[in-house]
$ cat input38.tsv   # TSV, N, CA and C atoms and all ligand atoms
chain	number	residue	atom	x	y	z
M	215	MET	N	65.15	181.92	148.27
M	215	MET	CA	64.46	180.62	148.26
M	215	MET	C	62.96	180.80	148.43
M	216	ASP	N	62.24	179.80	148.09
M	216	ASP	CA	60.80	179.89	148.04
M	216	ASP	C	60.18	178.99	149.12
M	217	PRO	N	59.67	179.59	150.17
M	217	PRO	CA	59.17	178.77	151.30
M	217	PRO	C	57.94	177.97	150.95
M	218	GLY	N	57.26	178.29	149.85
M	218	GLY	CA	56.07	177.56	149.46
M	218	GLY	C	56.37	176.21	148.85
M	219	HIS	N	57.61	176.00	148.48
M	219	HIS	CA	57.95	174.77	147.78
M	219	HIS	C	58.25	173.61	148.73
M	220	THR	N	58.36	172.45	148.14
M	220	THR	CA	58.75	171.27	148.90
M	220	THR	C	60.09	171.51	149.58
M	221	GLU	N	60.21	171.05	150.78
M	221	GLU	CA	61.44	171.25	151.55
M	221	GLU	C	62.64	170.63	150.85
M	222	ALA	N	63.59	171.46	150.50
M	222	ALA	CA	64.81	170.94	149.91
M	222	ALA	C	65.57	170.09	150.92
M	223	ALA	N	65.37	170.38	152.19
M	223	ALA	CA	66.07	169.64	153.24
M	223	ALA	C	65.69	168.17	153.27
M	224	GLU	N	64.50	167.88	152.78
M	224	GLU	CA	64.05	166.49	152.78
M	224	GLU	C	64.27	165.81	151.43
M	225	CYS	N	64.95	166.52	150.56
M	225	CYS	CA	65.08	166.01	149.20
M	225	CYS	C	66.33	165.15	149.06
M	226	GLU	N	66.12	163.97	148.56
M	226	GLU	CA	67.19	163.01	148.36
M	226	GLU	C	68.26	163.54	147.40
M	227	LEU	N	67.81	164.25	146.38
M	227	LEU	CA	68.76	164.74	145.38
M	227	LEU	C	69.55	165.93	145.90
M	228	CYS	N	68.97	166.72	146.79
M	228	CYS	CA	69.72	167.81	147.39
M	228	CYS	C	70.74	167.25	148.37
M	229	GLU	N	70.35	166.29	149.11
M	229	GLU	CA	71.29	165.65	150.03
M	229	GLU	C	72.34	164.87	149.25
M	230	ALA	N	71.88	164.17	148.22
M	230	ALA	CA	72.76	163.41	147.34
M	230	ALA	C	73.61	162.40	148.10
M	231	ALA	N	73.09	161.96	149.23
M	231	ALA	CA	73.86	161.03	150.05
M	231	ALA	C	73.71	159.59	149.57
M	232	ALA	N	72.61	159.33	148.89
M	232	ALA	CA	72.28	157.95	148.54
M	232	ALA	C	73.03	157.45	147.32
M	233	PHE	N	73.80	158.31	146.70
M	233	PHE	CA	74.38	157.92	145.42
M	233	PHE	C	75.83	157.50	145.55
M	234	THR	N	76.18	156.58	144.73
M	234	THR	CA	77.47	155.94	144.84
M	234	THR	C	78.56	156.72	144.10
M	235	GLU	N	78.75	156.40	142.86
M	235	GLU	CA	79.89	156.92	142.12
M	235	GLU	C	79.51	158.18	141.35
M	236	ARG	N	80.29	159.24	141.51
M	236	ARG	CA	80.05	160.45	140.73
M	236	ARG	C	80.90	160.47	139.49
M	237	PHE	N	80.23	160.65	138.38
M	237	PHE	CA	80.96	160.70	137.12
M	237	PHE	C	81.38	162.13	136.78
M	238	HIS	N	80.63	163.08	137.30
M	238	HIS	CA	80.83	164.46	136.89
M	238	HIS	C	80.22	165.38	137.94
M	239	ASP	N	80.84	166.55	138.12
M	239	ASP	CA	80.34	167.50	139.10
M	239	ASP	C	80.77	168.90	138.68
M	240	ASP	N	79.83	169.81	138.51
M	240	ASP	CA	80.20	171.19	138.21
M	240	ASP	C	79.19	172.13	138.85
M	241	ASP	N	79.25	173.42	138.47
M	241	ASP	CA	78.39	174.40	139.12
M	241	ASP	C	76.91	174.20	138.82
M	242	LEU	N	76.63	173.55	137.69
M	242	LEU	CA	75.25	173.43	137.24
M	242	LEU	C	74.60	172.12	137.66
M	243	CYS	N	75.37	171.06	137.65
M	243	CYS	CA	74.77	169.75	137.82
M	243	CYS	C	75.80	168.73	138.30
M	244	TRP	N	75.32	167.57	138.67
M	244	TRP	CA	76.21	166.45	138.87
M	244	TRP	C	75.62	165.22	138.20
M	245	ILE	N	76.49	164.29	137.89
M	245	ILE	CA	76.08	163.08	137.20
M	245	ILE	C	76.61	161.89	137.98
M	246	ALA	N	75.71	160.98	138.29
M	246	ALA	CA	76.11	159.80	139.06
M	246	ALA	C	75.22	158.64	138.66
M	247	GLU	N	75.57	157.49	139.17
M	247	GLU	CA	74.74	156.33	138.91
M	247	GLU	C	73.53	156.38	139.83
M	248	CYS	N	72.36	156.21	139.26
M	248	CYS	CA	71.14	156.19	140.06
M	248	CYS	C	71.11	154.92	140.90
M	249	GLU	N	70.84	155.08	142.18
M	249	GLU	CA	70.88	153.93	143.07
M	249	GLU	C	69.83	152.90	142.73
M	250	SER	N	68.65	153.35	142.35
M	250	SER	CA	67.59	152.38	142.09
M	250	SER	C	67.62	151.82	140.67
M	251	CYS	N	68.12	152.58	139.71
M	251	CYS	CA	68.09	152.09	138.33
M	251	CYS	C	69.44	151.59	137.84
M	252	SER	N	70.52	151.96	138.52
M	252	SER	CA	71.87	151.59	138.09
M	252	SER	C	72.22	152.09	136.69
M	253	VAL	N	71.66	153.21	136.32
M	253	VAL	CA	72.09	153.87	135.09
M	253	VAL	C	72.52	155.30	135.46
M	254	PRO	N	73.34	155.92	134.61
M	254	PRO	CA	73.77	157.29	134.93
M	254	PRO	C	72.59	158.25	134.89
M	255	MET	N	72.62	159.24	135.75
M	255	MET	CA	71.60	160.28	135.67
M	255	MET	C	72.22	161.63	135.99
M	256	VAL	N	71.66	162.66	135.35
M	256	VAL	CA	72.12	164.02	135.61
M	256	VAL	C	71.14	164.67	136.58
M	257	VAL	N	71.67	165.39	137.56
M	257	VAL	CA	70.84	166.07	138.54
M	257	VAL	C	71.20	167.55	138.52
M	258	TRP	N	70.21	168.37	138.27
M	258	TRP	CA	70.39	169.82	138.31
M	258	TRP	C	70.64	170.21	139.76
M	259	LYS	N	71.52	171.20	139.96
M	259	LYS	CA	71.84	171.57	141.35
M	259	LYS	C	70.84	172.55	141.95
M	260	VAL	N	69.70	172.69	141.31
M	260	VAL	CA	68.66	173.58	141.81
M	260	VAL	C	67.44	172.73	142.17
M	261	HIS	N	66.88	173.00	143.34
M	261	HIS	CA	65.72	172.23	143.76
M	261	HIS	C	64.47	172.76	143.06
M	262	ASP	N	64.27	172.33	141.84
M	262	ASP	CA	63.17	172.80	141.01
M	262	ASP	C	62.91	171.73	139.96
M	263	PRO	N	61.65	171.42	139.68
M	263	PRO	CA	61.37	170.34	138.72
M	263	PRO	C	61.43	170.79	137.27
M	264	ASP	N	61.56	172.09	137.02
M	264	ASP	CA	61.33	172.58	135.67
M	264	ASP	C	62.38	173.61	135.23
M	265	PRO	N	63.55	173.15	134.82
M	265	PRO	CA	64.60	174.10	134.41
M	265	PRO	C	64.24	174.78	133.10
M	266	PRO	N	64.78	175.98	132.87
M	266	PRO	CA	64.59	176.63	131.57
M	266	PRO	C	65.16	175.76	130.45
M	267	ASP	N	64.66	175.94	129.23
M	267	ASP	CA	65.09	175.11	128.11
M	267	ASP	C	66.60	175.09	127.91
M	268	ALA	N	67.23	176.24	128.05
M	268	ALA	CA	68.68	176.31	127.82
M	268	ALA	C	69.41	175.43	128.84
M	269	VAL	N	68.94	175.46	130.08
M	269	VAL	CA	69.56	174.64	131.12
M	269	VAL	C	69.33	173.16	130.82
M	270	ARG	N	68.11	172.84	130.45
M	270	ARG	CA	67.80	171.44	130.12
M	270	ARG	C	68.70	170.92	129.02
M	271	ARG	N	68.86	171.73	127.98
M	271	ARG	CA	69.70	171.29	126.86
M	271	ARG	C	71.13	171.06	127.33
M	272	THR	N	71.61	171.96	128.19
M	272	THR	CA	72.98	171.80	128.71
M	272	THR	C	73.10	170.53	129.54
M	273	LEU	N	72.12	170.29	130.38
M	273	LEU	CA	72.15	169.08	131.22
M	273	LEU	C	72.17	167.82	130.36
M	274	HIS	N	71.34	167.82	129.34
M	274	HIS	CA	71.28	166.65	128.46
M	274	HIS	C	72.60	166.47	127.72
M	275	ALA	N	73.18	167.59	127.29
M	275	ALA	CA	74.46	167.51	126.56
M	275	ALA	C	75.55	166.95	127.47
M	276	ARG	N	75.59	167.41	128.73
M	276	ARG	CA	76.62	166.90	129.65
M	276	ARG	C	76.41	165.42	129.93
M	277	LEU	N	75.16	165.05	130.13
M	277	LEU	CA	74.88	163.63	130.38
M	277	LEU	C	75.32	162.80	129.18
M	278	GLY	N	75.01	163.28	127.99
M	278	GLY	CA	75.39	162.58	126.78
M	278	GLY	C	76.91	162.42	126.67
M	279	GLU	N	77.64	163.49	126.98
M	279	GLU	CA	79.10	163.44	126.90
M	279	GLU	C	79.68	162.46	127.91
M	280	VAL	N	79.19	162.54	129.13
M	280	VAL	CA	79.72	161.67	130.17
M	280	VAL	C	79.45	160.20	129.83
M	281	VAL	N	78.24	159.93	129.38
M	281	VAL	CA	77.89	158.55	129.04
M	281	VAL	C	78.74	158.07	127.86
M	282	ALA	N	78.91	158.92	126.86
M	282	ALA	CA	79.68	158.52	125.69
M	282	ALA	C	81.13	158.23	126.06
M	283	SER	N	81.66	158.96	127.03
M	283	SER	CA	83.06	158.75	127.37
M	283	SER	C	83.27	157.53	128.27
M	284	ARG	N	82.23	157.07	128.93
M	284	ARG	CA	82.41	155.98	129.88
M	284	ARG	C	81.71	154.69	129.52
M	285	PHE	N	80.69	154.80	128.67
M	285	PHE	CA	79.89	153.61	128.39
M	285	PHE	C	79.83	153.34	126.90
M	286	VAL	N	79.58	152.09	126.60
M	286	VAL	CA	79.55	151.66	125.22
M	286	VAL	C	78.16	151.89	124.61
M	287	ASP	N	77.13	151.73	125.43
M	287	ASP	CA	75.77	151.70	124.91
M	287	ASP	C	75.28	153.05	124.41
M	288	GLU	N	74.46	152.99	123.39
M	288	GLU	CA	73.70	154.16	122.98
M	288	GLU	C	72.61	154.40	124.01
M	289	ILE	N	72.33	155.65	124.29
M	289	ILE	CA	71.32	155.94	125.32
M	289	ILE	C	70.26	156.91	124.79
M	290	TRP	N	69.17	156.92	125.53
M	290	TRP	CA	68.20	158.00	125.34
M	290	TRP	C	67.97	158.62	126.71
M	291	ILE	N	67.49	159.85	126.73
M	291	ILE	CA	67.38	160.56	128.00
M	291	ILE	C	65.94	160.52	128.50
M	292	ASP	N	65.77	159.89	129.63
M	292	ASP	CA	64.47	159.67	130.23
M	292	ASP	C	64.22	160.75	131.29
M	293	GLU	N	63.29	161.62	131.00
M	293	GLU	CA	63.04	162.74	131.92
M	293	GLU	C	61.91	162.47	132.91
M	294	GLN	N	61.38	161.28	132.88
M	294	GLN	CA	60.30	160.98	133.83
M	294	GLN	C	60.86	160.94	135.24
M	295	MET	N	60.24	161.70	136.12
M	295	MET	CA	60.73	161.76	137.50
M	295	MET	C	59.73	161.05	138.40
M	296	ARG	N	59.91	159.78	138.52
M	296	ARG	CA	58.90	158.98	139.20
M	296	ARG	C	58.99	159.10	140.72
M	297	THR	N	60.17	158.90	141.24
M	297	THR	CA	60.28	158.85	142.70
M	297	THR	C	60.52	160.22	143.33
M	298	ILE	N	61.20	161.10	142.59
M	298	ILE	CA	61.49	162.43	143.13
M	298	ILE	C	60.98	163.47	142.13
M	299	PRO	N	59.68	163.76	142.18
M	299	PRO	CA	59.08	164.58	141.12
M	299	PRO	C	59.34	166.08	141.26
M	300	HIS	N	59.92	166.52	142.36
M	300	HIS	CA	60.05	167.96	142.60
M	300	HIS	C	61.47	168.48	142.41
M	301	HIS	N	62.35	167.66	141.90
M	301	HIS	CA	63.74	168.10	141.68
M	301	HIS	C	64.20	167.51	140.35
M	302	TYR	N	64.58	168.39	139.42
M	302	TYR	CA	64.86	167.93	138.07
M	302	TYR	C	66.07	166.99	137.99
M	303	HIS	N	65.85	165.87	137.37
M	303	HIS	CA	66.92	164.93	137.07
M	303	HIS	C	66.49	164.13	135.84
M	304	ALA	N	67.44	163.55	135.14
M	304	ALA	CA	67.10	162.75	133.96
M	304	ALA	C	68.04	161.56	133.89
M	305	HIS	N	67.48	160.41	133.53
M	305	HIS	CA	68.24	159.18	133.45
M	305	HIS	C	68.74	158.94	132.02
M	306	ALA	N	69.91	158.36	131.92
M	306	ALA	CA	70.40	157.90	130.63
M	306	ALA	C	70.09	156.41	130.54
M	307	ARG	N	69.10	156.06	129.74
M	307	ARG	CA	68.72	154.65	129.63
M	307	ARG	C	69.21	154.08	128.31
M	308	ARG	N	69.49	152.80	128.35
M	308	ARG	CA	70.00	152.18	127.12
M	308	ARG	C	68.93	152.15	126.04
M	309	ARG	N	69.39	152.34	124.82
M	309	ARG	CA	68.48	152.36	123.69
M	309	ARG	C	68.11	150.93	123.28
M	310	HIS	N	69.02	150.01	123.52
M	310	HIS	CA	68.79	148.62	123.13
M	310	HIS	C	68.78	147.74	124.37
M	311	GLY	N	68.03	146.66	124.31
M	311	GLY	CA	67.99	145.74	125.43
M	311	GLY	C	66.98	146.20	126.47
M	312	PHE	N	67.08	145.63	127.65
M	312	PHE	CA	66.14	145.95	128.71
M	312	PHE	C	66.41	147.35	129.26
M	313	PRO	N	65.38	148.15	129.48
M	313	PRO	CA	65.58	149.54	129.88
M	313	PRO	C	66.32	149.70	131.21
M	314	ASN	N	66.15	148.77	132.11
M	314	ASN	CA	66.81	148.92	133.41
M	314	ASN	C	68.09	148.12	133.56
M	315	GLN	N	68.55	147.55	132.46
M	315	GLN	CA	69.81	146.84	132.50
M	315	GLN	C	70.95	147.86	132.57
M	316	PRO	N	71.92	147.66	133.46
M	316	PRO	CA	73.03	148.62	133.56
M	316	PRO	C	73.75	148.77	132.22
M	317	LEU	N	74.27	149.95	131.99
M	317	LEU	CA	75.00	150.19	130.76
M	317	LEU	C	76.34	149.48	130.80
M	318	GLU	N	76.83	149.14	129.63
M	318	GLU	CA	78.11	148.47	129.56
M	318	GLU	C	79.24	149.51	129.55
M	319	ARG	N	80.16	149.35	130.50
M	319	ARG	CA	81.25	150.32	130.60
M	319	ARG	C	82.33	150.08	129.57
M	320	ARG	N	82.96	151.13	129.17
M	320	ARG	CA	84.12	150.99	128.31
M	320	ARG	C	85.23	150.35	129.11
M	321	SER	N	86.00	149.48	128.47
M	321	SER	CA	87.01	148.76	129.22
M	321	SER	C	88.21	149.65	129.55
M	322	ARG	N	88.49	149.70	130.82
M	322	ARG	CA	89.67	150.36	131.40
M	322	ARG	C	89.94	151.79	130.96
M	323	GLN	N	89.87	152.10	129.74
M	323	GLN	CA	90.24	153.40	129.20
M	323	GLN	C	90.12	154.55	130.20
M	324	ALA	N	91.21	155.20	130.45
M	324	ALA	CA	91.26	156.38	131.30
M	324	ALA	C	90.79	156.11	132.73
M	325	ASP	N	90.81	154.88	133.13
M	325	ASP	CA	90.38	154.55	134.48
M	325	ASP	C	91.52	153.92	135.24
M	326	THR	N	92.24	154.73	135.98
M	326	THR	CA	93.45	154.25	136.66
M	326	THR	C	93.13	153.49	137.93
M	327	SER	N	91.89	153.60	138.40
M	327	SER	CA	91.54	152.93	139.66
M	327	SER	C	91.26	151.44	139.46
M	328	VAL	N	91.13	151.04	138.23
M	328	VAL	CA	90.81	149.63	137.96
M	328	VAL	C	92.04	148.76	138.19
M	329	ASP	N	91.84	147.70	138.90
M	329	ASP	CA	92.92	146.75	139.14
M	329	ASP	C	93.11	145.89	137.89
M	330	SER	N	94.26	146.02	137.26
M	330	SER	CA	94.44	145.34	135.98
M	330	SER	C	95.36	144.12	136.10
M	331	THR	N	95.29	143.43	137.24
M	331	THR	CA	96.14	142.26	137.42
M	331	THR	C	95.61	141.06	136.65
M	332	GLN	N	94.33	141.11	136.32
M	332	GLN	CA	93.77	139.94	135.63
M	332	GLN	C	93.72	140.13	134.13
M	333	GLU	N	94.86	140.35	133.54
M	333	GLU	CA	94.94	140.50	132.08
M	333	GLU	C	94.66	139.16	131.40
M	334	THR	N	93.87	139.21	130.38
M	334	THR	CA	93.68	137.98	129.61
M	334	THR	C	94.82	137.88	128.60
M	335	PRO	N	95.35	136.67	128.41
M	335	PRO	CA	96.52	136.51	127.55
M	335	PRO	C	96.23	136.82	126.07
L	401	ZN	ZN	66.68	155.93	138.82
L	402	ZN	ZN	66.07	168.79	145.81
$ encode --input "input38.tsv" --output "structure tokens"
Amino acid sequence: MDPGHTEAAECELCEAAAFTERFHDDDLCWIAECESCSVPMVVWKVHDPDPPDAVRRTLHARLGEVVASRFVDEIWIDEQMRTIPHHYHAHARRRHGFPNQPLERRSRQADTSVDSTQETP
């Protein structure tokens, strides 16, 4: 580890406590809904703002896959790190409509936790 860098201990993304639902989690990254924007975002599991290109491409690909499997909206990947500039993460923002409007989820598909008692006739 690099003692000259920003303390990972104080980093929200390293703690990852503030985030609600996790869509994906592996050795490289995790994907969850951003608490402030309510859109999915991918977070690299390394406390560094600047991943190598190959890693970035992989992160974007995973975010794209997760979003495509769960949401209806087309997205673009927003790499601006406004609030946490020292730890790489990228938001999946909707391509159409208001940028901060939550994405529309796919209905029920592969989601067993959804209570389906309110079926429309
Ligand atoms: Zn956000
Ligand atoms: Zn961090």
$ residues_near_ligand --input "input38.tsv" --ligand "ligand ZN 401 (chain L)" --cutoff "7 Å" --atoms "only N, CA and C atoms and all ligand atoms" --output "PyMOL selection string"
chain M and resi 247-253+305
$ closest_residue --input "input38.tsv" --among "M:Asp262, M:Asp267, M:Glu318, M:Asp241" --to "Glu288 in chain M" --atoms "only C-alpha atoms"
M:Glu318
$ closest_atom_pairs --input "input38.tsv" --of "chain M" --to "ligand ZN 402 (chain L)" --cutoff "6.5 Å" --atoms "all atoms listed in the file" --output "JSON lines"
{"residue": "M:Glu221", "atom": "C", "partner": "L:ZN402", "partner_atom": "ZN", "distance": 6.4}
{"residue": "M:Ala222", "atom": "CA", "partner": "L:ZN402", "partner_atom": "ZN", "distance": 4.8}
{"residue": "M:Cys225", "atom": "CA", "partner": "L:ZN402", "partner_atom": "ZN", "distance": 4.5}
{"residue": "M:Glu226", "atom": "N", "partner": "L:ZN402", "partner_atom": "ZN", "distance": 5.5}
{"residue": "M:Leu227", "atom": "C", "partner": "L:ZN402", "partner_atom": "ZN", "distance": 4.5}
{"residue": "M:Cys228", "atom": "N", "partner": "L:ZN402", "partner_atom": "ZN", "distance": 3.7}
{"residue": "M:Glu229", "atom": "N", "partner": "L:ZN402", "partner_atom": "ZN", "distance": 6.0}
{"residue": "M:Val260", "atom": "C", "partner": "L:ZN402", "partner_atom": "ZN", "distance": 5.5}
{"residue": "M:His261", "atom": "CA", "partner": "L:ZN402", "partner_atom": "ZN", "distance": 4.0}
{"residue": "M:Asp262", "atom": "N", "partner": "L:ZN402", "partner_atom": "ZN", "distance": 5.6}
{"residue": "M:His300", "atom": "C", "partner": "L:ZN402", "partner_atom": "ZN", "distance": 5.7}
{"residue": "M:His301", "atom": "CA", "partner": "L:ZN402", "partner_atom": "ZN", "distance": 4.8}
$ closest_residue --input "input38.tsv" --among "M:Asp264, M:Leu242, M:Val281, M:Asp287" --to "His310 in chain M" --atoms "all atoms listed in the file"
M:Asp287
$ atom_distance --input "input38.tsv" --atom1 "CA of Thr272 in chain M" --atom2 "CA of Arg284 in chain M"
18.5 Å
$ atom_distance --input "input38.tsv" --atom1 "CA of Ala306 in chain M" --atom2 "CA of Cys243 in chain M"
14.5 Å
$ atom_distance --input "input38.tsv" --atom1 "atom C of Pro266 in chain M" --atom2 "CA of Asp239 in chain M"
19.3 Å
$ residues_around --input "input38.tsv" --residues "Val286 in chain M" --least-positions-apart "3" --cutoff "7 Å" --atoms "only N, CA and C atoms" --output "number ranges by chain"
M: 281-283, 289, 317-320
$ closest_residue --input "input38.tsv" --among "M:Pro316, M:Asp240, M:Pro299, M:Ile245" --to "Val280 in chain M" --atoms "only C-alpha atoms"
M:Ile245
$ closest_residue --input "input38.tsv" --among "M:Met295, M:Val256, M:Trp290, M:Ser321" --to "Arg276 in chain M" --atoms "all atoms listed in the file"
M:Val256
$ closest_residue --input "input38.tsv" --among "M:Val269, M:Trp258, M:Gln315, M:Gly278" --to "Tyr302 in chain M" --atoms "all atoms listed in the file"
M:Trp258
$ closest_residue --input "input38.tsv" --among "M:Ile298, M:Glu224, M:Glu293, M:Glu279" --to "Pro265 in chain M" --atoms "only C-alpha atoms"
M:Glu293
